[in-house]
Each structure stands twice: as structure tokens, then as C-alpha cells.
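**Q** Can you keep this structure in mind? I'll have questions shortly.
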Amino acid sequence: MKRLLASSALLAALAAPALAQATDPYQPDPAATPGGTITVTYKDDVATLDPAIGYDWQNWSMIKSLFDGLMDYVPGTTDLRPGLAERYEISEDGLTYTFHLRPGVTFHNGREMTAEDVAYSLNRVTDPATQSPGAGFFGMIEGFDARMAGEAETLSGVTAVDPLTVQVRLSRPDATFLHVMALNFASVVPQEAVAAAGEDFGRQPVGTGAYRLAEWTLGQRLVFEKNPDYWREGIPYLDAITFEVGQEPVVALLRLQNGEVDVPGDGIPPAKFQEVMADPEQAARVVQGGQLHTGYITMNVTQPPFDNVDVRRAVNMAINKDRITQIINGRAVPANQPLPPTMPGYTEGHEGYAFDPEGAKALLAQAGVPDGFETELYVMNTDPNPRIAQAIQQDLAAVGIDASIQSLAQANVIEAGGAGTAPMIWSGGMAWIADFPDPANFYYPILGCAGAVEGGWNWSKYCNEELDAMATQADSLSDPAMAGDRLQMWSDIYMKVMEDAAWAPVFNEERYTMKSPRMGGADALYVDPVSIPVNYDYVYVTE
Amino acid sequence: MAAYLIRRLGGAALILLGVSLVTFFLLYVLPADPVRQIAGRSATPETVESIRRQLGLDQPFWVQYGRYLWNLLHLDLGRSYLQRSEVSELIWARLPPTLLLMAGAIACELALGLTMGVVAALRRGTAADNGLMIASFVGVSAPQFVVGLLMLYVFAVRLGWFPIGGYGTFAHLVLPSLTLGILGAGWYSRMMRSSMVEVLRQDFVRTARAKGLTRRRVILRHALPNAVLPVIAMIGIDIGIFMGGIVVVESVFGWPGIGQLAWQAIQRVDIPIIMGVTLVSAVAIVLGNLLADLVAPLIDPRIRLR
């Protein structure tokens, strides 16, 4: 009997789910003082504060401050930490995630948040009628395809086990799943508030976040006030934030210099950059940070002559990246691979294609086009993109490639890229800023076969099924202990992409922003890689 | 008069129908897909098609346009694709600031333009005349974006007389009105000058002078009311010109009007907002012209409405 018990215990231990309890390494800022209000400006109006829909520069971190998801990030970093889920477990096969919710968390309307709300929110964001631009992120959840096809009322993989436990079953192991649960799109919303507001929920948001919406004067101003019942002790520090919209970045900077604005949400306008940096008093208040961004040139591999890998490599070698970074006042670092340096999976030491016009000419000759060829370079028509395109055009001309520039509105370039009619595209203004800090996010839509379809975002139309298989295999390594192996696989995938030269990566943009002298908190909060652009929950005022 | 009004309003309805058709058609053939803007980068082709169906954008042009017209007849401008709010509500919230800005600009262009024109006419051929006409030339030619930023820099940042952009008080209104009005002031001063020069040569002015009236009375009571007629007729047309200018001026000064709404909607192919703003602008222009025509005979009895 004892023997049986012992073996049963062993079996049970083996079958026990892998307990992966994310810890929260964040240490509160000892200098932080509560209270005060700040003013933040944006050029563009806020379209919506509905977490299932908002996907803009200005509303991304606003939504993060109004809502919470099961997972979150350590402020100013790309490190995951628990959010509304106090802890979670992953089954051994990596297919079942069990989230244990924090008890006592309330929505802004006073009602306690439960597992039913989590299930409702995931069902809502994947409801075709919601038209969420983030629905595609949830593709790994069991029942997703039936949900998107309108054949199921709910996601079969999501179950509210009890009021404080949610179970999510995946159709395939996916190491990015926890990141997806930290996306704005996975925010938990109360069903009754959504039902009451209908399509206007984006204007009457109700979440569990650190702030709640106090006022919204269309086209002018939004005011967020502190949520006094917020579940994170002592957060947020500020009493209120006023967002003034419709403010030209140049005017916002003038107002900052005049002491009327605390943070210009759109950063330092390019035209004013040198002036600001030349003034030591202003330069001292500039905050710089890397962002998960790569600017690149796509080459349509389905069209001659770009169907020849030597031609694509020649283009990579013809581009003088240092000169192009100078055009944007050095606000970037030259890129040598698709992933930006701050992204996990980045291949350290890889040098990419060095600037070598003679080598490029030799490759073109080898490819059978020794005299070059004519092509078109599509570019978005806002500064500095046409100037960058001109620099690319000159570099290409030096090796014999005659590229005419098609400078169009953003939507037109996206259309041409999706339709596959653009031989080359400079990605500036539409470039990939990661949705979440994981190498997979840079692959599937813009380099994988799934994006290489009509209307997809893979504008090179590069589809390497071998790499797709490797990617799937990498993402199936969801056991945290295998994270290192997984990143190595991703690194290999991107090195193969470079070998095939599907893109010419040009630069990784750095973010430069400013803050008023009274703003406190670590610099990383003002260039937060996840709460883009500013992490409002943790900044504070010093006076 | 009633028959005239009915005829004009009928004409206006036809113009609006034409504007809606042309705009709708241009947006239809535009090589940019609003559904992609809504669906986002991670969407599958199935999602994209599902959204297209829900918005009715998979239908042929005439079905889409017919549906739009039908809703329009029920005063329904639809919902914004990206904001998901009622277009009428979005426009309604932004109309008062734009109307206020236009009123301010008309006041500025009349005050500046008429004064400059009259002074130039009275001092014809002098340095003052030349100076004023060069100033009006600059006013007409200067890009509003540059004028606006310059005004902000000089009068708001350096001198601190006015707030640096924004909306709310009379002080906020001054610089954007001036920026928007300067173009019209340039035109008006030139028109006013030539009109005034013309009128000053007329017999009735000579008669007034011969009767021994003071120079001031001759100019203010006899010459000015006659010279100002062609300028008044221009104000109605101005509204159309303003519609182009407000997009720039509202951007520079952070003025929460429909110009900003239109600009953002165009960038994001938000068709219902673009249609709504275009129609509201067309209504404003048509009404402006109608008003100018109705007011003209009140000022000048020689004009008859037929």
C-alpha cells in the first residue's frame, strides 16, 4: 500500500502542471511623491479608448492606463510580470494555461472583476462584429478559427473555472501567448458597461486601470483622474493627467519651453531637433531610448530582377546606411538584420551587408544585369521619408539601378505593398514597431508566408516554407526553461532571412522626447518600449 | 422672392447631390483600402473580407452610393470607421469652433482689407499706397503655415501677448483669425483700392464735394458705401476659400475645428468622416453664396433678384 502511495505521488508529481509563476521584480521608486497633475499633448485626436480597437500611437498607453490584462510588463522594460492574474500554471504539453485572478479587483464602476469578465473580453475581441485590429493575435487559442468564421458564439478554449480561475486551452503550443495576454487587446472589460455604451464604449471606457476617464471634450481634451481603488498599492502617483489633442509638435515644443506642457507626446519634431540639442539647458531634459523598430527596404521577390538573390544582396550592399541616419539627424543606428538590437533573439556580432558599391556592381554583373535596371521605389509622402528615399535613389544610381520614386499617402503605399505591385518600398512611416517584445512578432506578418498573400503586410512577398516550419517549431517551445533554445532558433531564422536578402534593413530608430523640469521618474518610463510612448502610471511630479 | 428662393434651394440640392456623387466616386476609386486600416496588420484575409462585408464595401458602387444617399435623406451620416462614433456627432462637436474662427477671420479681413484699400486709394501714387499694396501682395502670397508659426513665435512666444495655440477665450481667437484673414485682407485691400479709386471719380462724389461737404463726410457717407459693394459680394465666396485654409490654420494653432477632423480622416481613409465634412463644407459654401446674393440687393437697390 505504501509503495502504491509512493508511486502515485510520483506520478502525480510528474503529471503536475509546470508551475510558472512570474515574479514581479519591480521596485517602487523611493523618490516618487504622490499628487499633482500634468499636461501631455498629441497632434492627432484620440480615435477610441476601446482596448479591443485602439491601435494608435496616442491611445496605446492611454488604454494601458485605463485597463489591465492578465499579464503586464515591468515598467520601462520588456520583462513580463503578472497583471490581473496573480499567478498562472502551464500544463506540461504547453497547451493549457490556468490563470488565478487577484481577488478584490474592481472595475471603475465599482463591480468586482471575475473570471467571467476575462472570458467575455477574449470572446469579444475575437468576435468578427467587434472588428478588432488585434483579433489575429489570438489565433493560437482553441476555437479561434470557428469564432472568426462566425460559427461559434464563444472561444471553445476559454473557460471560467470559478470566479477567480480562468483556463485557456491553445490549439498549438505557443511561447508568445503570455505576451499576447499582455497586449491591450487582451484587456479585461465589464460586459454590462460594454452593453450599456454599445458602439460608444470607446468614448465611455470602463476598466480596472490606474486611471479612469473623467472628461473628454471631442477634438480638444481628455482628462484622466487617479483610480483611488487601484489594486496596485500606491499607483498611480499623479492625481490627474490632461491630454490636449490637435497640437502641432512644433507648437507643443514651444509650449513646453514656456512651461505650459509637461510631455510632448509626439516627441521632438525633426525640424527642431538640432536647435534643442544645441541648447544645454534643453538638451538636459531630452530623454533618449531605443525602440523595437526597424526601417527597411522591401524588394518584391516575385518580380524580376528581384527574384534573383544576388540582385537583392547587391541592393543591400549599395545602401549607405550611415549617410541615411545622418539625414534624420542621427536619431537612429544603422541596422544589420531585421530585429532591432533591444529585441530578444537579436544576433549579436552579425554585421550584415557592409556598404560596398563595387561589390554590389560585381553581384549585379553576376546576376546578369551588369548595366543595372529601372525600378520603382514607393515611399510615404511625409518628411523625412521622401528625403530618405532620395538618398536610397542616389545610392542605387551609383551602382547602375535607376529607381524612380513614387511618393504617396500612407494608405496608397500600403495598398500597393499588399497588392504586390510595388517593386521596392521604403517602410518609413509605416515601419514595424513591435506589438510585443518577442522575435516572433517581427516574422509572421512581414516576413512569413501568411503575410505574403494579396493584401498582406509582407511586401517582399518572401515566402520560405522551411523558415515558416522553423518558426512554428521555435514557438512551440513554450516551456520557460527552453527560452534560450527558442531565441537561438529565432536568431537562426533571421540570419537565413538576411542570407536570402528579402529586405535591406536600413536603421533602427531611436526615440527622443522631452519632459518639463518638474517631471520625475526613471527616463525609461518616458520612452517605455511597451507602454508607448509614456508609462503614465509610474511618472510623477517633483514639485 | 419666394419663387427665387425655391429655385435657388432646388439648385443647391442638385449641387449637393453632385458633390456627394463625385466625392463618393473618388473615394471609391482611390487606391487605398479602408478595410486594411481597420483590420490591422495581424488580420487574416478572412477577417479582412468579413469586415468588408459588414461595412457593405463588397457591394458595387451604385449600391453603396444608393445606401449612403438613403441614409443621408434620413440625416444619418453614418459612423466613423476608426472612431466608431456617429459622424454627425463628431462634426457637430467641431462646427462651433470652425464657425467662430471663420467669423473672426471675416472680421480681420474686412477690418484690415477695407482700411488698407481706402487709405491706398486716397493716397494713390504715394509711398504709402505702394507700401500697402506690397503688404497686400505679401498677404496673398505667404503660405498660411509659415504665417501662423511666425505669428505664434512673435506674438505668443516672444512677446507673450497671446496664448501659444489652443481654444477657449477671445485671446485664443486673435492669432488664428489673423492668419486665416490675412489672405482675404490682401485681396480685399486690392479690390477696395480699385473700387474706391473708381467711385472717387464718379459724378456724385464730385457733386458732394461741390456742395461743400467735408472730405470725411464725402468719403464715409458717399464714396465708401458704393465702393464696398463688390467686396460684400465676395464674403460669401470667402467661405469656400476658408475651407481650404482652416485645415492648415487649425493644425498650427491646435484649433479643434472640422479642418483638423478632415485632415485626420483623409490620412486614415475614414470615408464616412471625409464624406460628412465634404458635404457640410459644400452646404456652407452654397449657403454663403446664397446669402451673398440675398444681401446684395439690400445694399445696392440697383440689383434685383430674378
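Residue numbering restarts at 1 for every chain of the C-alpha cells, chains are lettered A, B, ... in their displayed order, and ligands are numbered from 1 as they appear.
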Skip Gly136 (chain A) itself and residues of its chain fewer than 4 positions away, then list as a list in words all residues within 7 Å of it, counting only C-alpha atoms.
**A**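 Here the answer would be Ser42, Ala43 and Thr44 of chain B.
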**Q** Now that the selection is made, can you save its residues with N, CA and C atoms as a compact mmCIF listing (two decimals), in the first residue's frame?
**A**
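What follows is the written file again36.txt:
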# COMPACT_ATOMS: atom_id res chain seq x y z
N SER B 42 -2.29 42.32 -38.27
CA SER B 42 -2.27 40.90 -37.93
C SER B 42 -3.48 40.17 -38.51
N ALA B 43 -4.32 40.89 -39.28
CA ALA B 43 -5.57 40.29 -39.74
C ALA B 43 -5.34 39.25 -40.83
N THR B 44 -6.15 38.20 -40.80
CA THR B 44 -6.10 37.21 -41.87
C THR B 44 -6.98 37.71 -43.02
**Q** Report as a compact mmCIF listing (two decimals) with C-alpha atoms, in the first residue's frame the set of chain B residues whose atoms approach chain A to within 6 Å, with distances computed over only C-alpha atoms.
**A**
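Resulting contents of part24.txt:
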# COMPACT_ATOMS: atom_id res chain seq x y z
CA PRO B 31 -6.16 53.09 -54.49
CA ALA B 32 -6.33 52.73 -50.70
CA ALA B 39 -8.32 45.27 -39.79
CA GLY B 40 -4.74 45.99 -38.75
CA SER B 42 -2.27 40.90 -37.93
CA ALA B 43 -5.57 40.29 -39.74
CA GLN B 83 -13.55 56.12 -34.18
CA VAL B 252 -0.94 75.13 -36.49
CA GLY B 254 -4.45 73.43 -32.26
CA PRO B 256 -10.47 71.96 -32.57
**Q** Have a look at CA of Pro344 (chain A) and CA of Pro25 (chain A) and let me know their distance in Å, one decimal.
**A**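 About the pair CA of Pro344 (chain A) and CA of Pro25 (chain A): they are 18.7 Å apart.
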**Q** Pick out the residues sitting within 6 Å of region 388-396 of chain A, and hand them over as a list in words; count only C-alpha atoms, and ignore anything fewer than 3 positions along from it in its own chain.
**A**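 Listing them by chain and then by number gives Ala318, Ile319, Asn385, Val399, Ile401 and Ala403 of chain A.
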**Q** Residues of region 55-221 of chain B in alpha helix (DSSP H) according to DSSP, as a ChimeraX atom specification?
**A** /B:55,61-73,87-122,127-141,144-151,170-200,203-210,215-217
**Q** Could you check which of B:Ser195, B:Gln144, B:Asn71, B:Gln37 is closest to Leu178 (chain B), using only C-alpha atoms?
**A**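 Ranking B:Ser195, B:Gln144, B:Asn71, B:Gln37 by distance to Leu178 (chain B), first place goes to B:Gln144.
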**Q** Looking at only C-alpha atoms, which of A:Ala85, A:Ala398, A:Val180, A:Leu377 is the one that sits closest to Thr114 (chain A)?
**A**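 Between A:Ala85, A:Ala398, A:Val180, A:Leu377, the residue approaching Thr114 (chain A) most closely is A:Ala85.
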**Q** Would you mind reading off the distance between CA of Asn226 (chain B) and CA of Val199 (chain B), one decimal, in Å?
**A**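 About the pair CA of Asn226 (chain B) and CA of Val199 (chain B): they are 7.0 Å apart.
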**Q** Work out how far CA of Ala483 (chain A) is from CA of Leu101 (chain A), in Å to one decimal.
**A**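 Answer for the CA of Leu101 (chain A) to CA of Ala483 (chain A) separation: 25.1 Å.
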**Q** What's the 8 Å shell around Leu238 (chain A), counting only C-alpha atoms, without same-chain residues fewer than 6 positions away, as a ChimeraX atom specification?
**A** /A:34-38,226,537,539-541
**Q** Contacts of region 110-115 of chain B at 8 Å or less, counting only C-alpha atoms, minus same-chain residues fewer than 2 places along, as a list in words?
**A**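 Within the cut-off, the hits are Ile106, Ala107, Cys108, Gly117, Val118, Val119, Gly184, Ala185, Gly186, Trp187, Tyr188, Ser189, Arg190 and Met192 of chain B.
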**Q** Would you pick out the contacts of region 355-365 of chain A at 8 Å or less, using only C-alpha atoms, so that residues sharing its chain but fewer than 5 positions from it are not included, and give the list as JSON, numbers by chain?
**A** {"A": [310, 311, 313, 314, 315, 316, 317, 318, 319, 320, 321, 370, 371, 372, 398, 399, 400]}
**Q** Using N, CA and C atoms, can you export the residues from the last selection as a compact mmCIF listing (two decimals), in the first residue's frame?
**A**
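Result written to again_26.txt:
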# COMPACT_ATOMS: atom_id res chain seq x y z
N ASP A 310 21.03 37.51 -55.82
CA ASP A 310 22.22 38.34 -55.97
C ASP A 310 21.85 39.82 -56.14
N VAL A 311 20.74 40.05 -56.85
CA VAL A 311 20.30 41.44 -57.03
C VAL A 311 19.90 42.03 -55.67
N ARG A 313 20.95 41.10 -52.75
CA ARG A 313 22.16 41.31 -51.95
C ARG A 313 22.90 42.56 -52.42
N ALA A 314 22.90 42.76 -53.74
CA ALA A 314 23.57 43.95 -54.30
C ALA A 314 22.92 45.22 -53.76
N VAL A 315 21.58 45.22 -53.68
CA VAL A 315 20.89 46.40 -53.14
C VAL A 315 21.31 46.62 -51.69
N ASN A 316 21.38 45.54 -50.92
CA ASN A 316 21.82 45.66 -49.53
C ASN A 316 23.20 46.30 -49.44
N MET A 317 24.07 45.93 -50.37
CA MET A 317 25.44 46.44 -50.31
C MET A 317 25.54 47.86 -50.86
N ALA A 318 24.57 48.26 -51.67
CA ALA A 318 24.63 49.59 -52.29
C ALA A 318 24.19 50.71 -51.34
N ILE A 319 23.45 50.34 -50.29
CA ILE A 319 22.86 51.38 -49.42
C ILE A 319 23.88 51.86 -48.38
N ASN A 320 24.08 53.16 -48.36
CA ASN A 320 24.95 53.77 -47.36
C ASN A 320 24.12 54.15 -46.13
N LYS A 321 24.04 53.23 -45.18
CA LYS A 321 23.14 53.42 -44.03
C LYS A 321 23.60 54.56 -43.11
N PRO A 370 24.52 43.61 -65.60
CA PRO A 370 25.71 44.42 -65.32
C PRO A 370 25.46 45.92 -65.50
N ASP A 371 24.49 46.28 -66.33
CA ASP A 371 24.22 47.70 -66.56
C ASP A 371 23.10 48.22 -65.67
N GLY A 372 22.72 47.43 -64.69
CA GLY A 372 21.64 47.86 -63.80
C GLY A 372 20.29 47.68 -64.45
N ALA A 398 24.30 54.91 -58.06
CA ALA A 398 25.76 54.74 -58.08
C ALA A 398 26.17 53.33 -58.53
N VAL A 399 25.24 52.36 -58.39
CA VAL A 399 25.59 51.01 -58.87
C VAL A 399 24.82 50.68 -60.15
N GLY A 400 24.17 51.69 -60.71
CA GLY A 400 23.52 51.50 -62.01
C GLY A 400 22.03 51.22 -61.95
**Q** Just the residues within 9 Å of region 57-59 of chain B, please, counting only C-alpha atoms, with nothing from its chain fewer than 6 positions along; format it as number ranges by chain.
**A** B: 35, 49, 51
**Q** Taking into account only C-alpha atoms, which residue in the set B:Met275, B:Ile91, B:Leu159, B:Ile299 is nearest to Tyr68 (chain B)?
**A**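 Going through B:Met275, B:Ile91, B:Leu159, B:Ile299 one by one, the smallest distance to Tyr68 (chain B) is for B:Met275.
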